[in-house]
Each structure stands twice: as C-alpha cells, then as structure tokens.
$ cat query.txt   # compact mmCIF, C-alpha atoms
# COMPACT_ATOMS: atom_id res chain seq x y z
CA MET A 1411 -5.43 125.51 17.30
CA PRO A 1412 -5.26 123.22 14.23
CA ASP A 1413 -7.15 119.93 14.01
CA ALA A 1414 -5.35 117.70 16.53
CA ARG A 1415 -6.26 114.62 14.49
CA ASP A 1416 -4.12 115.72 11.55
CA VAL A 1417 -0.50 114.99 12.40
CA SER A 1418 0.83 114.79 8.86
CA PRO A 1419 3.64 114.79 7.82
CA TYR A 1420 4.63 112.97 11.04
CA ASP A 1421 4.14 109.26 11.49
CA ALA A 1422 5.53 108.71 15.02
CA LEU A 1423 6.37 110.41 18.32
CA LEU A 1424 9.52 109.48 20.23
CA LEU A 1425 9.64 110.02 24.00
CA LEU A 1426 13.32 110.69 24.65
CA SER A 1427 14.51 110.59 28.25
CA PHE A 1428 17.56 110.22 30.47
CA GLY A 1429 17.06 106.65 31.66
CA GLY A 1430 17.87 105.09 34.99
CA PRO A 1431 18.86 101.81 36.67
CA GLU A 1432 16.17 99.27 37.50
CA GLY A 1433 18.11 97.18 40.01
CA PRO A 1434 21.32 97.21 42.10
CA ASP A 1435 23.39 95.53 39.39
CA ASP A 1436 22.44 98.29 36.94
CA VAL A 1437 23.68 101.22 39.03
CA VAL A 1438 27.41 101.34 38.23
CA PRO A 1439 26.98 100.43 34.51
CA PHE A 1440 24.33 103.15 34.28
CA LEU A 1441 26.65 105.72 35.88
CA GLU A 1442 29.44 104.62 33.53
CA ASN A 1443 27.10 105.45 30.63
CA VAL A 1444 26.27 108.85 32.12
CA THR A 1445 29.92 109.80 32.75
CA ARG A 1446 31.53 108.13 29.73
CA GLY A 1447 34.60 110.04 28.52
CA ARG A 1448 35.18 111.87 31.80
CA GLY A 1449 37.65 109.37 33.26
CA ILE A 1450 35.81 108.93 36.57
CA PRO A 1451 37.08 105.86 38.51
CA LYS A 1452 34.65 103.02 39.20
CA GLU A 1453 35.16 103.44 42.96
CA ARG A 1454 33.93 107.02 42.71
CA LEU A 1455 30.89 105.82 40.75
CA LYS A 1456 30.11 103.34 43.51
CA GLU A 1457 30.12 106.23 45.99
CA VAL A 1458 27.76 108.25 43.81
CA GLY A 1459 25.61 105.16 43.38
CA GLN A 1460 24.77 105.15 47.10
CA HIS A 1461 21.91 107.52 46.29
CA TYR A 1462 20.39 104.79 44.14
CA PHE A 1463 21.18 101.97 46.58
CA LEU A 1464 19.12 103.78 49.22
CA PHE A 1465 16.15 103.08 46.96
CA GLY A 1466 17.01 99.47 46.11
CA GLY A 1467 19.16 100.48 43.12
CA VAL A 1468 16.04 101.56 41.23
CA SER A 1469 15.49 104.99 39.76
CA PRO A 1470 11.80 105.88 39.44
CA ILE A 1471 12.34 107.58 36.09
CA ASN A 1472 11.65 104.56 33.90
CA ASP A 1473 8.34 103.82 35.63
CA GLN A 1474 7.51 107.51 35.36
CA ASN A 1475 8.13 107.33 31.62
CA ARG A 1476 5.99 104.21 31.30
CA ALA A 1477 3.18 106.09 33.01
CA LEU A 1478 3.65 109.06 30.67
CA LEU A 1479 3.62 106.73 27.66
CA ASP A 1480 0.32 105.28 28.85
CA ALA A 1481 -1.10 108.76 29.40
CA LEU A 1482 -0.04 109.91 25.93
CA ARG A 1483 -1.43 106.84 24.20
CA LYS A 1484 -4.71 107.15 26.10
CA ASP A 1485 -5.05 110.85 25.31
CA PHE A 1486 -4.16 110.34 21.63
CA ALA A 1487 -6.69 107.53 21.27
CA GLU A 1488 -9.46 109.49 23.00
CA HIS A 1489 -8.92 112.42 20.63
CA GLY A 1490 -8.64 110.42 17.43
CA LEU A 1491 -4.95 111.08 16.93
CA ASP A 1492 -3.38 108.18 15.04
CA LEU A 1493 0.25 108.52 16.06
CA PRO A 1494 2.29 105.67 17.55
CA VAL A 1495 4.45 106.60 20.54
CA TYR A 1496 7.88 105.04 21.10
CA TRP A 1497 10.34 105.43 23.96
CA GLY A 1498 14.13 105.63 24.00
CA ASN A 1499 16.71 106.68 26.62
CA ARG A 1500 20.14 108.28 26.54
CA ASN A 1501 21.75 106.19 29.26
CA TRP A 1502 19.79 102.98 29.88
CA ALA A 1503 17.43 100.55 28.21
CA PRO A 1504 15.46 101.06 26.09
CA TYR A 1505 18.39 102.78 24.40
CA LEU A 1506 17.75 105.55 21.87
CA THR A 1507 19.64 103.85 19.03
CA ASP A 1508 17.70 100.61 19.49
CA THR A 1509 14.40 102.47 19.52
CA LEU A 1510 15.23 104.49 16.40
CA ARG A 1511 16.25 101.28 14.64
CA GLU A 1512 12.89 99.76 15.58
CA MET A 1513 11.08 102.84 14.28
CA VAL A 1514 12.91 102.71 10.96
CA ARG A 1515 12.12 99.03 10.56
CA ASP A 1516 8.48 99.85 11.33
CA GLY A 1517 8.54 102.23 8.38
CA ARG A 1518 8.59 105.51 10.31
CA ARG A 1519 10.03 108.31 8.18
CA ARG A 1520 9.01 111.59 9.90
CA ILE A 1521 9.56 111.50 13.64
CA LEU A 1522 8.74 114.09 16.29
CA VAL A 1523 10.76 113.96 19.50
CA LEU A 1524 9.51 114.86 22.97
CA ALA A 1525 12.42 115.30 25.39
CA THR A 1526 11.67 115.04 29.10
CA SER A 1527 13.25 118.42 29.71
CA ALA A 1528 11.15 121.58 29.49
CA TYR A 1529 13.86 124.25 29.42
CA ALA A 1530 16.76 125.45 27.29
CA SER A 1531 20.26 124.32 28.29
CA TYR A 1532 23.07 122.20 26.93
CA SER A 1533 22.18 119.14 29.02
CA GLY A 1534 18.44 119.70 28.66
CA CYS A 1535 18.32 120.21 24.89
CA ARG A 1536 21.49 120.22 22.82
CA GLN A 1537 22.88 117.06 24.40
CA TYR A 1538 19.69 115.24 23.43
CA ARG A 1539 20.20 116.53 19.89
CA GLU A 1540 23.77 115.18 19.98
CA ASN A 1541 22.44 111.82 21.11
CA LEU A 1542 19.97 111.83 18.22
CA ALA A 1543 22.82 112.51 15.78
CA ASP A 1544 24.88 109.68 17.30
CA ALA A 1545 21.95 107.29 16.91
CA LEU A 1546 21.34 108.35 13.31
CA ALA A 1547 25.04 107.89 12.54
CA ALA A 1548 24.86 104.35 13.91
CA LEU A 1549 21.85 103.55 11.73
CA GLU A 1550 23.56 105.09 8.70
CA ALA A 1551 26.57 102.84 9.32
CA GLU A 1552 24.19 99.88 9.28
CA GLY A 1553 22.89 100.92 5.87
CA LEU A 1554 19.40 101.82 7.09
CA GLU A 1555 17.34 104.57 5.51
CA LEU A 1556 17.41 107.53 7.88
CA PRO A 1557 14.19 109.20 9.02
CA LYS A 1558 13.77 112.97 9.32
CA VAL A 1559 13.72 113.88 12.98
CA ASP A 1560 12.29 117.07 14.53
CA LYS A 1561 12.16 118.05 18.20
CA LEU A 1562 9.14 119.63 19.89
CA ARG A 1563 9.73 123.14 21.23
CA HIS A 1564 10.35 123.85 24.91
CA TYR A 1565 7.08 123.59 26.82
CA PHE A 1566 7.97 125.25 30.16
CA ASN A 1567 5.26 127.89 29.73
CA HIS A 1568 2.51 125.76 28.20
CA PRO A 1569 -0.59 125.79 30.44
CA GLY A 1570 -0.68 122.00 30.45
CA PHE A 1571 2.74 122.02 32.14
CA LEU A 1572 2.04 124.98 34.44
CA GLU A 1573 -1.41 124.08 35.77
CA PRO A 1574 -0.41 120.77 37.40
CA MET A 1575 2.47 122.54 39.17
CA ILE A 1576 0.18 125.32 40.38
CA ASP A 1577 -2.21 122.73 41.80
CA GLY A 1578 0.70 120.93 43.43
CA VAL A 1579 1.81 124.07 45.27
CA LEU A 1580 -1.75 124.76 46.40
CA ARG A 1581 -2.09 121.21 47.75
CA SER A 1582 1.24 121.48 49.59
CA LEU A 1583 0.22 124.79 51.17
CA ALA A 1584 -3.06 123.23 52.29
CA GLU A 1585 -1.12 120.40 53.97
CA LEU A 1586 0.84 122.83 56.18
CA PRO A 1587 -0.43 123.62 59.68
CA GLU A 1588 -2.89 126.48 59.49
CA ASP A 1589 -0.85 128.73 61.80
CA VAL A 1590 2.15 128.76 59.41
CA ARG A 1591 0.38 128.38 56.05
CA ASP A 1592 -0.08 132.02 55.07
CA GLY A 1593 3.50 132.91 55.97
CA ALA A 1594 5.06 130.02 54.06
CA HIS A 1595 7.82 130.80 51.59
CA LEU A 1596 7.94 129.15 48.16
CA ALA A 1597 11.24 127.67 46.95
CA PHE A 1598 11.13 126.91 43.22
CA SER A 1599 13.84 124.34 42.63
CA THR A 1600 15.69 123.23 39.53
CA HIS A 1601 18.93 121.50 38.57
CA SER A 1602 22.04 123.56 39.21
CA ILE A 1603 24.31 123.82 36.18
CA PRO A 1604 27.65 125.62 35.67
CA THR A 1605 27.10 129.36 35.40
CA ALA A 1606 29.04 129.34 32.11
CA SER A 1607 26.55 126.84 30.70
CA ALA A 1608 23.59 128.83 32.00
CA ASP A 1609 24.96 132.06 30.51
CA THR A 1610 25.09 130.52 27.02
CA SER A 1611 21.74 128.72 27.19
CA GLY A 1612 19.15 129.46 24.55
CA PRO A 1613 19.63 131.42 21.30
CA VAL A 1614 22.64 133.74 21.05
CA GLU A 1615 20.55 136.87 21.61
CA GLU A 1616 19.46 135.48 25.00
CA HIS A 1617 22.99 134.73 26.21
CA GLY A 1618 24.20 136.64 29.23
CA ASP A 1619 23.49 136.60 32.96
CA GLY A 1620 21.88 133.17 33.41
CA GLY A 1621 20.81 132.97 29.77
CA ALA A 1622 17.49 131.47 28.74
CA TYR A 1623 17.79 128.78 31.43
CA VAL A 1624 17.40 131.17 34.34
CA LYS A 1625 14.97 133.48 32.51
CA GLN A 1626 12.62 130.60 31.71
CA HIS A 1627 12.65 129.26 35.26
CA LEU A 1628 12.03 132.72 36.71
CA ASP A 1629 9.10 133.17 34.33
CA VAL A 1630 7.57 129.87 35.44
CA ALA A 1631 8.13 130.65 39.13
CA GLN A 1632 6.49 134.06 38.73
CA GLN A 1633 3.47 132.56 36.98
CA ILE A 1634 2.98 129.95 39.70
CA ALA A 1635 3.40 132.50 42.50
CA ASP A 1636 0.92 134.84 40.78
CA ALA A 1637 -1.61 132.03 40.34
CA VAL A 1638 -1.27 131.02 44.00
CA ARG A 1639 -1.88 134.62 45.06
CA GLU A 1640 -4.93 134.91 42.81
CA ARG A 1641 -6.45 131.67 44.11
CA THR A 1642 -5.67 132.06 47.82
CA GLY A 1643 -5.46 135.81 48.34
CA VAL A 1644 -2.02 135.35 49.93
CA ASP A 1645 1.18 136.76 48.42
CA HIS A 1646 3.87 134.23 49.37
CA PRO A 1647 7.54 135.28 49.16
CA TRP A 1648 9.45 133.11 46.69
CA GLN A 1649 12.90 132.43 45.29
CA LEU A 1650 14.45 130.30 42.55
CA VAL A 1651 16.86 127.80 44.12
CA TYR A 1652 19.04 124.98 42.85
CA GLN A 1653 19.91 121.38 43.65
CA SER A 1654 21.95 118.38 42.51
CA ARG A 1655 25.28 120.13 41.94
CA SER A 1656 27.84 117.57 40.78
CA GLY A 1657 30.82 119.56 39.45
CA ALA A 1658 34.29 120.36 40.72
CA PRO A 1659 34.30 122.82 43.66
CA HIS A 1660 36.34 125.46 41.78
CA ILE A 1661 33.81 125.75 38.95
CA PRO A 1662 30.98 128.25 39.64
CA TRP A 1663 27.50 126.71 39.55
CA LEU A 1664 24.10 128.32 39.95
CA GLU A 1665 23.19 129.10 43.56
CA PRO A 1666 21.71 129.10 46.18
CA ASP A 1667 21.56 125.41 46.97
CA ILE A 1668 18.21 124.29 48.37
CA CYS A 1669 19.65 123.25 51.75
CA ASP A 1670 21.52 126.54 52.12
CA HIS A 1671 18.29 128.30 51.24
CA LEU A 1672 16.43 126.44 53.99
CA ASP A 1673 19.11 127.55 56.47
CA GLU A 1674 18.72 131.15 55.33
CA ARG A 1675 14.91 131.09 55.42
CA HIS A 1676 14.93 129.61 58.91
CA ALA A 1677 17.42 132.23 60.14
CA ALA A 1678 15.24 134.98 58.64
CA GLY A 1679 12.21 133.71 60.55
CA ALA A 1680 10.20 132.02 57.78
CA PRO A 1681 7.51 129.90 59.48
CA ALA A 1682 7.39 127.23 56.72
CA VAL A 1683 8.59 126.43 53.20
CA VAL A 1684 7.00 124.72 50.20
CA ILE A 1685 9.55 123.34 47.72
CA ALA A 1686 8.27 123.19 44.15
CA PRO A 1687 10.59 121.21 41.79
CA ILE A 1688 9.66 123.17 38.66
CA GLY A 1689 12.80 122.09 36.77
CA PHE A 1690 11.82 118.41 36.62
CA VAL A 1691 9.12 116.68 34.61
CA SER A 1692 8.84 113.73 37.01
CA ASP A 1693 9.83 112.56 40.50
CA HIS A 1694 13.10 110.94 39.46
CA MET A 1695 16.12 110.24 41.66
CA GLU A 1696 17.28 113.85 42.04
CA VAL A 1697 13.86 114.77 43.39
CA LEU A 1698 13.65 111.74 45.70
CA TYR A 1699 17.16 112.12 47.10
CA ASP A 1700 17.98 115.84 46.99
CA LEU A 1701 14.55 117.03 48.09
CA ASP A 1702 12.67 114.17 49.77
CA THR A 1703 15.77 112.93 51.60
CA GLU A 1704 18.43 115.65 52.05
CA ALA A 1705 16.26 118.79 52.06
CA LYS A 1706 13.61 117.07 54.19
CA ALA A 1707 16.27 116.06 56.73
CA ARG A 1708 17.66 119.61 56.83
CA ALA A 1709 14.20 121.08 57.40
CA GLU A 1710 13.57 118.61 60.22
CA GLU A 1711 16.90 119.51 61.84
CA LEU A 1712 15.90 123.17 61.71
CA GLY A 1713 12.39 122.51 62.96
CA LEU A 1714 11.11 124.19 59.80
CA PRO A 1715 7.77 122.87 58.50
CA MET A 1716 8.33 121.87 54.86
CA ARG A 1717 6.25 120.30 52.10
CA ARG A 1718 7.39 119.27 48.63
CA SER A 1719 4.88 119.72 45.81
CA ALA A 1720 4.43 117.21 43.01
CA THR A 1721 6.06 117.29 39.60
CA VAL A 1722 3.90 117.14 36.47
CA GLY A 1723 4.57 113.45 35.79
CA ALA A 1724 1.80 111.78 33.78
CA ASP A 1725 -0.89 114.34 34.57
CA PRO A 1726 -3.60 114.18 31.87
CA ARG A 1727 -3.22 117.93 31.29
CA PHE A 1728 0.42 117.40 30.40
CA ALA A 1729 -0.47 114.60 27.99
CA ALA A 1730 -3.05 116.93 26.39
CA ALA A 1731 -0.38 119.64 26.12
CA ILE A 1732 1.88 117.27 24.22
CA ARG A 1733 -0.96 116.45 21.85
CA GLU A 1734 -1.47 120.17 21.25
CA LEU A 1735 2.25 120.70 20.64
CA VAL A 1736 2.28 117.83 18.15
CA ALA A 1737 -0.70 119.30 16.28
CA GLU A 1738 0.90 122.76 16.35
CA ARG A 1739 4.19 121.54 14.91
CA ALA A 1740 2.50 119.38 12.29
CA ALA A 1741 0.41 122.33 11.11
CA LEU A 1742 3.51 124.50 10.86
CA GLU A 1743 5.25 121.83 8.81
CA ARG A 1744 2.24 121.84 6.47
CA GLY A 1745 2.60 125.62 6.06
CA GLN A 1746 -0.48 126.60 8.07
CA ASP A 1747 -0.75 129.68 10.26
CA VAL A 1748 -0.66 128.72 13.93
CA THR A 1749 -0.83 130.76 17.14
CA PRO A 1750 1.39 128.88 19.60
CA CYS A 1751 0.00 128.30 23.07
CA ALA A 1752 2.22 129.86 25.74
CA LEU A 1753 1.69 131.82 28.95
CA GLY A 1754 3.88 134.36 30.71
CA ALA A 1755 6.24 137.05 29.52
CA LEU A 1756 8.52 135.06 27.23
CA GLY A 1757 6.12 133.71 24.63
CA ALA A 1758 6.48 130.46 22.72
CA SER A 1759 9.97 129.04 22.28
CA HIS A 1760 11.58 128.45 18.90
CA ASN A 1761 10.67 125.32 16.94
CA LEU A 1762 14.10 124.94 15.38
CA CYS A 1763 17.16 125.40 17.56
CA PRO A 1764 19.24 128.14 15.89
CA VAL A 1765 22.98 128.13 15.31
CA GLY A 1766 24.79 128.96 18.54
CA CYS A 1767 21.94 127.79 20.77
CA CYS A 1768 23.19 126.15 24.02
CA PRO A 1769 26.68 125.51 22.57
CA ALA A 1770 28.84 122.58 23.64
CA ARG A 1771 32.40 123.09 24.85
CA ALA A 1772 33.60 120.88 21.98
CA PRO A 1773 31.43 120.91 18.83
CA ARG A 1774 29.73 117.61 18.03
CA PRO A 1775 27.25 116.55 15.34
CA VAL A 1776 23.64 117.36 16.18
CA ALA A 1777 20.19 116.65 14.77
CA ALA A 1778 16.86 118.51 14.83
CA GLY A 1779 18.20 122.05 14.54
CA ALA A 1780 19.37 124.74 12.13
CA ASP A 1781 22.91 123.40 12.55
CA SER A 1782 21.94 119.76 12.06
CA THR A 1783 24.34 117.24 10.61
CA TYR A 1784 21.31 115.22 9.53
CA ALA A 1785 18.52 117.01 7.68
$ encode --input "query.txt" --output "structure tokens"
Amino acid sequence: MPDARDVSPYDALLLLSFGGPEGPDDVVPFLENVTRGRGIPKERLKEVGQHYFLFGGVSPINDQNRALLDALRKDFAEHGLDLPVYWGNRNWAPYLTDTLREMVRDGRRRILVLATSAYASYSGCRQYRENLADALAALEAEGLELPKVDKLRHYFNHPGFLEPMIDGVLRSLAELPEDVRDGAHLAFSTHSIPTASADTSGPVEEHGDGGAYVKQHLDVAQQIADAVRERTGVDHPWQLVYQSRSGAPHIPWLEPDICDHLDERHAAGAPAVVIAPIGFVSDHMEVLYDLDTEAKARAEELGLPMRRSATVGADPRFAAAIRELVAERAALERGQDVTPCALGALGASHNLCPVGCCPARAPRPVAAGADSTYA
C-alpha cells in the first residue's frame, strides 16, 4: 500500500450521496427532485411520502452522512492525510452543484469522489456520474474554471466494508434465542432494480444474467456467510433477497422480495432469520421502513424470530478503507505500481468506468469515466 499521507495530485474528496428530507415540509419537494421528468402527480408523491411521515418527515441519511464525514475527517487527521472533505447530494441540500461551486472557489482542481453506493448499477454509479456532469455544466455556464473529477472504484469487497457487516451478522445471531440460533437462515438484502438494468450493470463483458450487480452482491454474501461459519462453526443457509421495488407491475424486477422470502422461509420450517442489508452503506429510509417496519411486521405475524444486522455507516474501519482507496488511486495517478486491496472471487473493480458500463436508456453526458463529457 502506498504512503497514505501522499494524496497528490488530489486536493479534495467529495462525499456524494442521495440526500433526504429533514422535516415534513421537505418530503414532497424532495420526492419531486427524485422523480423529476417522470410526470408523477403530486398526490402520488404524497402517498409515497407516508413512509417519511412515519418518521417525522426526516430521512436518517443526512445525519448518517454527517457522521461519516466526521469519521473520515478524524481518520484522515489521525493518519496525517491533508485532504479536505466536502459533501454534496443529488436530491437535497447540500446540493452537488452548490458544493462543487464551493470547492472551485476554494481553489480545488483535482477532486476525488466517494459515492455512497458500493456496487455497479445505473442508479448506483452511472447516474451519479451524470449528476457530476450536470453540475460541471452548470459551473461552466457560470464561467468558472472546471476541476478534474475522478470517482473512487467500487468498494463492495474491500475488507473495511466487509468486516463491519460480518460483525453485524454475528451480533444479530447472538441476539437470537439460543434454541433457534444455530438454525437461523441469513437473508442478504439489497435494493431491487429492473432485471434489464441489472443485466447491463458493470462493464460490457460482465453483462448478462444479473450483470455485475448480482455477481457483486452474491460475492459479498458468500464472503460474509463463509466468515460466519469460520467464526461460529455453524453453516447457516443463506439467500440474496431484494427490497424497495418501486416500478410498474408489468416490468420485471429482481426477486424474491424480502417479505415473500420470510413467508417462504417460515413455510419451509426455518426457526429464525437474520436480515443483513448488504446493499446499503447506512441505515437510511429504505432500511428503516422496508426492513425495520414492513419486514419486522411480517416476521411478527408469522411468529418467526428475526433480527436485522447493522449497515456499515460510519464504522472506523470503513473510514480507514476510504483512506486506503484514496491513497491507492492517488498512487495510480502518479504512475506508481499498486496492488489493490480486495477480497473474494471478483478482485478489485475498475478505476475508470469503461464505455458501455451500466448504460442509461437515453444517453446523457457523464463525468469520471472513459466516456466522459468532461475530462
């Protein structure tokens, strides 16, 4: 691993996230931002917003990002890494364009981007790159000097992302009653996306049945299950499951849904289930509602003991992983030889998204890739 204190040529890190409402009055405007261009009526958005209103109209994602910012800044300072960390969102304040404008005015010229999505997919990678291009276009229209922007590689199989999830599953198993613990099934949950989007996720050579999106999640699930077996001596059955479907009923999405999976596990005689939300960096609204509310209620109806393990959040090991990824990418940009840190069968992901990676239905300008509109 290269010297983590040398981050040249970069002079800033941008934490790029989804964003979320921070009060009841924010909910519908936030959802209008998320669904802009889809023609969804405001009344329908108010219905969808009920998930947020159950929690006072506040999504936890912004506080989660503030905690991650603090963890990154603390880790960087403790390891002598002089790299300011900024934060911008796609759909709510602080908005990405405003943050990039601030960075430019602060004199930042080489920016690394950390997206709060660990896997390859259109919505988890390319859409962020489209948002970066939109923000750069806005700054260009204002006559500002544009920085060079690069995106950190996918980190789904970095040990600093995996280890906190492994510990979370172990803690959840330990919380189950002893008489059902060893027989508990593991449900590794992630966001359902259209099967057509999954099939074209990742580089072109990885397109096909589920694409890189499903392959990467299966790799993570296998590593966690293997680690649990090694540390407990128990081989727990497991399955990759999905949640948070939001599309039209006639469009195929990845299945099974987590609640359907609970029904099936109960019918098959499973004594308990641990749900591990491996597809999410933090406990944002989809975790709180789809798992801690809906799936929990379903398990209680079935009389099925269930625990939900923690997401990575602001775990210090994750902050350290980001520092290592920053140092790795900086060394590569300087032309040094680097052995990327990655566990599992898939190896380290690409540093530069290739042409044809996670394509959009309608081509749009993108940044931070081989097909970038902005260098």
$ atom_distance --input "query.txt" --atom1 "CA of His1646 (chain A)" --atom2 "CA of Ala1724 (chain A)"
27.4 Å
$ atom_distance --input "query.txt" --atom1 "CA of Pro1775 (chain A)" --atom2 "CA of Ala1543 (chain A)"
6.0 Å
$ closest_residue --input "query.txt" --among "A:Ala1730, A:Val1748, A:Ala1530, A:Ile1634" --to "Pro1764 (chain A)" --atoms "all atoms listed in the file"
A:Ala1530
$ closest_residue --input "query.txt" --among "A:Ala1597, A:Val1458, A:Cys1751, A:Leu1423" --to "Ser1656 (chain A)" --atoms "all atoms listed in the file"
A:Val1458
$ closest_atom_pairs --input "query.txt" --of "region 1555-1666 of chain A" --to "region 1733-1738 of chain A" --cutoff "9 Å" --atoms "only C-alpha atoms" --output "Markdown table"
| residue | atom | partner | partner_atom | distance |
| --- | --- | --- | --- | --- |
| A:Leu1562 | CA | A:Leu1735 | CA | 7.0 |
| A:Arg1563 | CA | A:Leu1735 | CA | 7.9 |
| A:Tyr1565 | CA | A:Leu1735 | CA | 8.4 |
$ atom_distance --input "query.txt" --atom1 "CA of Trp1497 (chain A)" --atom2 "CA of Tyr1784 (chain A)"
20.6 Å
$ residues_around --input "query.txt" --residues "Val1468 (chain A)" --least-positions-apart "6" --cutoff "12 Å" --atoms "all atoms listed in the file" --output "PyMOL selection string"
chain A and resi 1429-1438+1440+1459-1462+1474+1694-1695+1698
$ write_last_selection --input "query.txt" --atoms "C-alpha atoms" --output "PDB file, in the frame of the given file"
ATOM      1  CA  GLY A1429      17.060 106.650  31.660  1.00  0.00           C
ATOM      2  CA  GLY A1430      17.870 105.090  34.990  1.00  0.00           C
ATOM      3  CA  PRO A1431      18.860 101.810  36.670  1.00  0.00           C
ATOM      4  CA  GLU A1432      16.170  99.270  37.500  1.00  0.00           C
ATOM      5  CA  GLY A1433      18.110  97.180  40.010  1.00  0.00           C
ATOM      6  CA  PRO A1434      21.320  97.210  42.100  1.00  0.00           C
ATOM      7  CA  ASP A1435      23.390  95.530  39.390  1.00  0.00           C
ATOM      8  CA  ASP A1436      22.440  98.290  36.940  1.00  0.00           C
ATOM      9  CA  VAL A1437      23.680 101.220  39.030  1.00  0.00           C
ATOM     10  CA  VAL A1438      27.410 101.340  38.230  1.00  0.00           C
ATOM     11  CA  PHE A1440      24.330 103.150  34.280  1.00  0.00           C
ATOM     12  CA  GLY A1459      25.610 105.160  43.380  1.00  0.00           C
ATOM     13  CA  GLN A1460      24.770 105.150  47.100  1.00  0.00           C
ATOM     14  CA  HIS A1461      21.910 107.520  46.290  1.00  0.00           C
ATOM     15  CA  TYR A1462      20.390 104.790  44.140  1.00  0.00           C
ATOM     16  CA  GLN A1474       7.510 107.510  35.360  1.00  0.00           C
ATOM     17  CA  HIS A1694      13.100 110.940  39.460  1.00  0.00           C
ATOM     18  CA  MET A1695      16.120 110.240  41.660  1.00  0.00           C
ATOM     19  CA  LEU A1698      13.650 111.740  45.700  1.00  0.00           C
TER      20      LEU A1698
END
$ residues_near_point --input "query.txt" --point "(6.5, 129.3, 45.8)" --cutoff "6 Å" --atoms "only C-alpha atoms" --output "PyMOL selection string"
chain A and resi 1596-1598+1635+1648
$ closest_residue --input "query.txt" --among "A:Cys1763, A:Ile1450, A:Ala1528, A:Ala1548" --to "Ile1732 (chain A)" --atoms "only C-alpha atoms"
A:Ala1528
$ residues_around --input "query.txt" --residues "Ala1772 (chain A)" --least-positions-apart "5" --cutoff "12 Å" --atoms "only C-alpha atoms" --output "PyMOL selection string"
chain A and resi 1532+1537+1540
$ closest_residue --input "query.txt" --among "A:Gly1754, A:Leu1572, A:Asp1725, A:Arg1511" --to "Leu1554 (chain A)" --atoms "all atoms listed in the file"
A:Arg1511
